[in-house]
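Before any comments, here is the structure.
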There are 4 protein chains.
Amino acid sequence: MNKEATMSDKPLPDIQAGLDDRGIAIDRVGVSDLEYPIHVMDRDGNPIPVSAKVSMSVHLPHHFKGTHMSRFLEVLAKHEGEVTMRTLPDILHDLKDRLDAQSTQIEVGFNYFVTREAPVTGMPAKVRCHCTFIGESNGAEDEFTLRVETPVTTLCPCSKEISEYGAHNQRGYVTIDVKPVKDDKGSWEMVLIEDLVEVAERSGSAPIYSLLKREDEKHVTEQAYDNPVFVEDVVRNAAIILREDSRVASFSVKAVNHESIHDHNAFAVVIQEG
Amino acid sequence: MNKEATMSDKPLPDIQAGLDDRGIAIDRVGVSDLEYPIHVMDRDGNPIPVSAKVSMSVHLPHHFKGTHMSRFLEVLAKHEGEVTMRTLPDILHDLKDRLDAQSTQIEVGFNYFVTREAPVTGMPAKVRCHCTFIGESNGAEDEFTLRVETPVTTLCPCSKEISEYGAHNQRGYVTIDVKPVKDDKGSWEMVLIEDLVEVAERSGSAPIYSLLKREDEKHVTEQAYDNPVFVEDVVRNAAIILREDSRVASFSVKAVNHESIHDHNAFAVVIQEG
Amino acid sequence: MNKEATMSDKPLPDIQAGLDDRGIAIDRVGVSDLEYPIHVMDRDGNPIPVSAKVSMSVHLPHHFKGTHMSRFLEVLAKHEGEVTMRTLPDILHDLKDRLDAQSTQIEVGFNYFVTREAPVTGMPAKVRCHCTFIGESNGAEDEFTLRVETPVTTLCPCSKEISEYGAHNQRGYVTIDVKPVKDDKGSWEMVLIEDLVEVAERSGSAPIYSLLKREDEKHVTEQAYDNPVFVEDVVRNAAIILREDSRVASFSVKAVNHESIHDHNAFAVVIQEG
Amino acid sequence: MNKEATMSDKPLPDIQAGLDDRGIAIDRVGVSDLEYPIHVMDRDGNPIPVSAKVSMSVHLPHHFKGTHMSRFLEVLAKHEGEVTMRTLPDILHDLKDRLDAQSTQIEVGFNYFVTREAPVTGMPAKVRCHCTFIGESNGAEDEFTLRVETPVTTLCPCSKEISEYGAHNQRGYVTIDVKPVKDDKGSWEMVLIEDLVEVAERSGSAPIYSLLKREDEKHVTEQAYDNPVFVEDVVRNAAIILREDSRVASFSVKAVNHESIHDHNAFAVVIQEG
């Protein structure tokens, strides 16, 4: 005969749905490191296909033996057309519903490109930032976090001050996590990826570009020298901007400097709870 | 007055264009680890935007002090609309021309997704393979290599044979490099990414899927058990297919097993020069 | 004259010690990704040199401009002879003292090797686990976490049950975090790295070995087939052992399966607060 | 009775030793990504335990079905006391002998630490370099390559020249591969890891230190400003030193700059065949 007939005659056992008597609930169970194509929105609302790294998980009550891993993929496949701040509540709802779970989490990370014009010649090129959408639903409450990592240049204030000439500088990465407030209708206020890139760039010594001609290189070299910052300054500069932003319920900022005079990094973190 | 005026009055010195008297030519100089958005073609000729990791380099004669790094970005920005087997010769030509170089190389790596229907239920989902386009131009001759890394399942023939039941199996990755032959007009014969994914999948114990329901899981479990392969078998199976393919001038195959009974990998390589 | 003379005549300014008026305290500031040689103790109390990846940080009050990064290295250099559960309180104290901080954290990760005899032939070889010592001091209270990641084999219960023969299995990694209780004298109860490796190995389908002859391979293949576990089972099995251990104040367990039938991972987490 | 009795009564089949009729020789087959504890020698001949990443492989003739992977581990376990330039020929010989192979390769990578005294205060701390021993035996001939990757600071000559103040600088990594010549007795001339670290440090703008006090930071900031280098200069500077070294039969040098004004790297490579 054929497989389908066999299947309908005698359904395969569902081990995961069995009972467990060890009395231990699982805080999170799911899939991770899944590379999957999804669509995000650019600032003009146009869909952009990206290759995302995805993790999805649920809480599992103590009496169930296992979760049904394939259902995570079914929900993702259903929504692959769009993962955005607007659609994330639906995805979280579907995950809870399809997996019969009281809480669920999803994390979607991807490269996103912003256009930067070189500061003097105006030549355009793309700069990559790395974004992560983090959604979580515990009972009735949904939470959304937008995470954006932006490369910047930082120049050391101490090195500049104590040296007769020059100052060590380096590539740094600023990671900003923002949880937006909700408006009257219960939707999250829109915070754009570009908004957080801008906060990061304003907090370092100079922005990073992919394409710089000599005139541009002179400009950013002098700009960085004129704006020395420690990692401590970077996170404070960003925090000052973010705490004034009425769309932001809570945030954290991490700055990491790939020190040019060391083979290790310097870092600083500021966390502001809502 | 303003920068532009200053610039036109007195051009900035061009250090890189200076002479070098150390008598040492540089085999390769350029940029690497550049994340950049480009377009590739799917099998139907539709452009797909991908986030690529790019490196580009040139040969530098002994008498020049340096190359002009920003020009790599200018050439890439110019061609960002499309990097394919068809456009690569133009890119190589532009790199040589713009950087005044006798030889040049470009490498563009990106995730590419193929749709796989689960073997019994037919449910569709995407599977990621990792592709790299490698172009090189030395003097008059252009070379192109298509590299595709495909995940597969492998089941150990030894473990199956010696054990009373069961057999260890694991995720493996098959990396195939193909240099295509040229047709009468000097164009490379078209080898699709999907073609190399298929070669890899036919060479392992079973394909990898992102979404498998229980009926499908039963199918692939039994399929792998029925088709045990060592890494040696994987590379030989692929080699047999590739050496019969008239589009292929030369190739190499590497198989890596993430052994489930060890914390290290097993690997095998076959190289067939043209 | 010489530098030293200049230095004593006119001390260099201390930018970091300056005041900051932005009113933002820094939750953590320090160094990370520092590769450094340290000594740990094996189970018999013998010092073992390891290459560790180290991060160290402190809290910085809002009124200080910056911390003194070089002092982290001075403290580490002073203690490089030994980083263990016994010496960690001294290191934490020195960090707080030297950096004039109210709280401090240190994290030290390294490869650690345990000897495993193959189950039938008894041939010995080393298996790597990855360990992390995490120390934190907030005001009067010190906290210590021992983290050990152990590779194991896992075989899928569902695949075994529904298939007529075979069962997919894979390499998995079990990460156990344990905070030990303190004894009457305020010292942490000794929990050995080897203890947590054993918990992990007992929770999977079979241990991982580096060296297996055919007789051994037959043994572990059948052992895994006889002990199928989901990631949910792995974390529950480990939790049951750990919650009975009187030395353990609190713990978490994470299991990650590098699924052999997928190109993504399955994972589960159980957290038990003290 | 017991397993051993059973084993001697009826030996397990040896699948790998079977014949293969596909007519395809395997260029390389073996194990990789094996983390294993070994001993290397420091400059004074003292053994230093390190955690190494190891790969080992052999050529497999077309008529054999597979190699015996466990034998790689047996040879490594036998020699774990020491992997050095002096013992590598024995290891290569044992691999060929035990695996009945005409050619074999081994690659052993590990972190190695050199002590650096800060340039003004003289405070000592360790700096990590990454070393790889590469041994290869094809027929009668053995080859040995010592690879050392050293972090350095580089300061851009163009940025310095065109800017009114400041100059962008960054962390860079210099990787030197050296094949030593053989002396009258057929032993490789001794090239120390420290020798190649020194070549790298002399080729950049300034060395990297782990611990720098303010006086030291002033020194290295000014030192880098006084010694600007492109990646092209780094590889040429190193090449000039290496080609004058009578112990060196052939070499390659790669320099990679983690550009502080870009989110990508600049690199250069010089290869000098023997």
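In the structure tokens, each chain is lettered A, B, ... as it comes, each chain's residues begin at 1, and ligands are numbered from 1 in order of appearance.
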
Point to revise | Selection: 10 Å around A:Gly30, only C-alpha atoms, excl. self and same-chain fewer than 5 positions, as a ChimeraX atom specification | key: /A:55-60,67-72,104-106 /C:231-232,256,265-269

Please dump the current selection as a short mmCIF file (atom, residue, chain, number, x, y, z; two decimals), in the first residue's frame; keep N, CA and C atoms.
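Saved as part.cif:
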```cif
data_model
loop_
_atom_site.label_atom_id
_atom_site.label_comp_id
_atom_site.auth_asym_id
_atom_site.auth_seq_id
_atom_site.Cartn_x
_atom_site.Cartn_y
_atom_site.Cartn_z
N SER A 55 15.24 32.31 17.27
CA SER A 55 14.94 31.34 18.32
C SER A 55 13.53 31.58 18.82
N MET A 56 12.85 30.49 19.15
CA MET A 56 11.46 30.56 19.63
C MET A 56 11.32 29.55 20.76
N SER A 57 10.60 29.90 21.79
CA SER A 57 10.45 28.96 22.90
C SER A 57 9.14 29.19 23.64
N VAL A 58 8.76 28.20 24.42
CA VAL A 58 7.57 28.30 25.28
C VAL A 58 7.90 27.75 26.67
N HIS A 59 7.01 28.06 27.61
CA HIS A 59 7.04 27.42 28.91
C HIS A 59 6.31 26.09 28.79
N LEU A 60 6.81 25.05 29.48
CA LEU A 60 6.15 23.75 29.43
C LEU A 60 5.77 23.33 30.86
N THR A 67 7.44 19.34 24.28
CA THR A 67 6.72 20.26 23.42
C THR A 67 6.80 19.72 21.99
N HIS A 68 6.04 20.32 21.08
CA HIS A 68 6.05 19.89 19.68
C HIS A 68 6.86 20.87 18.86
N MET A 69 8.12 20.53 18.68
CA MET A 69 9.07 21.45 18.07
C MET A 69 8.66 21.89 16.67
N SER A 70 8.02 21.00 15.90
CA SER A 70 7.72 21.34 14.51
C SER A 70 6.71 22.49 14.43
N ARG A 71 5.94 22.68 15.51
CA ARG A 71 4.93 23.73 15.45
C ARG A 71 5.55 25.13 15.46
N PHE A 72 6.72 25.26 16.06
CA PHE A 72 7.41 26.56 15.97
C PHE A 72 7.64 26.92 14.50
N THR A 104 5.51 32.61 25.96
CA THR A 104 6.30 32.33 24.77
C THR A 104 7.27 33.46 24.50
N GLN A 105 8.37 33.12 23.81
CA GLN A 105 9.38 34.12 23.46
C GLN A 105 9.82 33.90 22.02
N ILE A 106 10.17 34.98 21.34
CA ILE A 106 10.76 34.87 20.02
C ILE A 106 11.86 35.92 19.88
N VAL C 231 15.45 17.00 24.86
CA VAL C 231 16.11 18.05 25.66
C VAL C 231 15.34 18.30 26.95
N GLU C 232 14.02 18.14 26.90
CA GLU C 232 13.23 18.31 28.12
C GLU C 232 13.64 17.28 29.17
N VAL C 256 21.19 21.78 24.85
CA VAL C 256 21.07 22.17 23.45
C VAL C 256 21.41 20.97 22.59
N ASN C 265 18.97 24.04 16.19
CA ASN C 265 19.09 23.33 17.45
C ASN C 265 17.76 23.28 18.20
N ALA C 266 17.63 22.28 19.08
CA ALA C 266 16.53 22.26 20.04
C ALA C 266 17.14 22.54 21.41
N PHE C 267 16.40 23.27 22.24
CA PHE C 267 16.96 23.58 23.57
C PHE C 267 15.88 23.60 24.64
N ALA C 268 16.31 23.42 25.88
CA ALA C 268 15.41 23.51 27.03
C ALA C 268 16.20 24.07 28.21
N VAL C 269 15.50 24.81 29.06
CA VAL C 269 16.13 25.45 30.22
C VAL C 269 15.26 25.25 31.44
#
```

Practice item. Show which residues sit within 8 Å of D:Leu34, as number ranges by chain. Count only C-alpha atoms, and ignore same-chain residues fewer than 4 positions away. Key: B: 263-265; D: 52-55

Review point. Please, which residues of chain A lie no more than 7 Å from chain B when the count uses only C-alpha atoms, and can they be set out as a list in words?
Key: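 So the residues of chain A near chain B are Glu35, Tyr36, Pro49, Val50, Ser51, Ser70, Leu73, Ala77, Asn111, Ala125, Lys126, Arg128, Leu211, Leu212 and Lys213 of chain A.
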
Dump as an mmCIF file, in the first residue's frame, selection limited to C-alpha atoms:
```cif
data_model
loop_
_atom_site.group_PDB
_atom_site.id
_atom_site.type_symbol
_atom_site.label_atom_id
_atom_site.label_comp_id
_atom_site.auth_asym_id
_atom_site.auth_seq_id
_atom_site.Cartn_x
_atom_site.Cartn_y
_atom_site.Cartn_z
ATOM 1 C CA GLU A 35 18.590 30.562 9.899
ATOM 2 C CA TYR A 36 15.433 31.587 8.100
ATOM 3 C CA PRO A 49 13.888 40.243 2.783
ATOM 4 C CA VAL A 50 16.578 39.348 5.314
ATOM 5 C CA SER A 51 18.329 36.176 6.407
ATOM 6 C CA SER A 70 7.718 21.343 14.509
ATOM 7 C CA LEU A 73 8.361 26.179 12.334
ATOM 8 C CA ALA A 77 6.392 29.650 8.024
ATOM 9 C CA ASN A 111 21.738 42.531 9.386
ATOM 10 C CA ALA A 125 27.471 53.608 0.640
ATOM 11 C CA LYS A 126 25.749 51.213 2.997
ATOM 12 C CA ARG A 128 25.551 47.490 8.386
ATOM 13 C CA LEU A 211 33.333 54.460 1.756
ATOM 14 C CA LEU A 212 35.536 57.459 2.532
ATOM 15 C CA LYS A 213 37.637 59.416 0.048
#
```

Check your understanding: Which one is closest to C:His63: A:Arg22, A:His258, A:Arg236, A:Lys10? Count only C-alpha atoms.
Key ->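 Looking only at the distances to C:His63, the closest residue turns out to be A:Arg236.
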
Review point. DSSP on the backbone: what in stretch 15-239 of chain C comes out alpha helix (DSSP H), as a ChimeraX atom specification?
Key: /C:69-79,88-98,157-162,193-203,214-226,231-239

Counting only C-alpha atoms, what is within 9 Å of A:Val248, bar same-chain residues fewer than 3 positions away, as a tab-separated table (two decimals) with N, CA and C atoms, in the first residue's frame?
```tsv
chain	number	residue	atom	x	y	z
A	178	VAL	N	15.72	48.88	23.47
A	178	VAL	CA	14.62	49.78	23.84
A	178	VAL	C	13.31	49.02	23.93
A	179	LYS	N	12.59	49.20	25.02
A	179	LYS	CA	11.21	48.73	25.11
A	179	LYS	C	10.33	49.96	24.93
A	180	PRO	N	9.51	49.98	23.87
A	180	PRO	CA	8.67	51.17	23.64
A	180	PRO	C	7.45	51.20	24.57
A	181	VAL	N	6.91	52.39	24.80
A	181	VAL	CA	5.64	52.53	25.54
A	181	VAL	C	4.49	52.16	24.61
A	189	GLU	N	4.58	52.24	20.58
A	189	GLU	CA	5.02	53.41	19.83
A	189	GLU	C	6.12	52.98	18.87
A	191	VAL	N	9.42	52.89	17.17
A	191	VAL	CA	10.82	53.32	17.26
A	191	VAL	C	11.54	52.68	16.09
A	242	LEU	N	18.08	58.90	25.30
A	242	LEU	CA	16.98	57.92	25.39
A	242	LEU	C	16.01	58.26	26.52
A	243	ARG	N	16.52	58.80	27.63
A	243	ARG	CA	15.59	59.06	28.73
A	243	ARG	C	14.71	60.28	28.47
A	244	GLU	N	15.08	61.07	27.47
A	244	GLU	CA	14.24	62.19	27.07
A	244	GLU	C	13.21	61.80	26.02
A	245	ASP	N	13.32	60.57	25.52
A	245	ASP	CA	12.46	60.14	24.40
A	245	ASP	C	11.16	59.57	24.96
A	251	PHE	N	15.22	51.11	28.80
A	251	PHE	CA	16.29	50.88	27.83
A	251	PHE	C	17.55	50.39	28.54
A	274	GLY	N	11.98	50.53	33.41
A	274	GLY	CA	10.83	51.40	33.14
A	274	GLY	C	10.19	51.93	34.43
```

Practice item. Record the distance separating atom CA of A:Arg98 and atom CA of A:Asp42, expressed in Å with one decimal. Key: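 Atom CA of A:Asp42 lies 29.2 Å from atom CA of A:Arg98.
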
Point to revise | Length of the atom CA of A:Lys254 to atom CA of A:Asp233 vector [Å] | key: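 Separation of atom CA of A:Lys254 and atom CA of A:Asp233: 11.1 Å.
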
Check your understanding: Hey, which of C:Gly204, C:Gly186, C:Gly18, C:Gly23 ends up closest to C:Pro151? Count only C-alpha atoms.
Key -> C:Gly204

Review point. Looking only at the backbone, which of the residues in stretch 4-223 of chain C does DSSP tag as strand (DSSP E or B), as a PyMOL selection string?
Key: chain C and resi 19+26-41+47-60+64+103-117+124-138+141-155+169-180+182+188+206-207

Check your understanding: Just how far from atom CA of C:Ser203 is atom CA of B:Val220, in Å to one decimal?
Key ->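 Separation of atom CA of B:Val220 and atom CA of C:Ser203: 25.9 Å.
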
Review point. Could you name the residues that touch C:Ser260 at 6 Å or less, counting only C-alpha atoms, but leaving out those on the same chain fewer than 5 positions away, as a ChimeraX atom specification?
Key: /B:153,170-171 /C:170

Generate a file of the selected residues that holds C-alpha atoms, formatted as a tab-separated table (two decimals), in the first residue's frame.
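Result file follows (out.tsv):
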```tsv
chain	number	residue	atom	x	y	z
B	153	THR	CA	22.30	13.82	7.76
B	170	GLN	CA	24.70	13.34	12.98
B	171	ARG	CA	24.44	16.58	11.13
C	170	GLN	CA	23.16	13.94	17.81
```
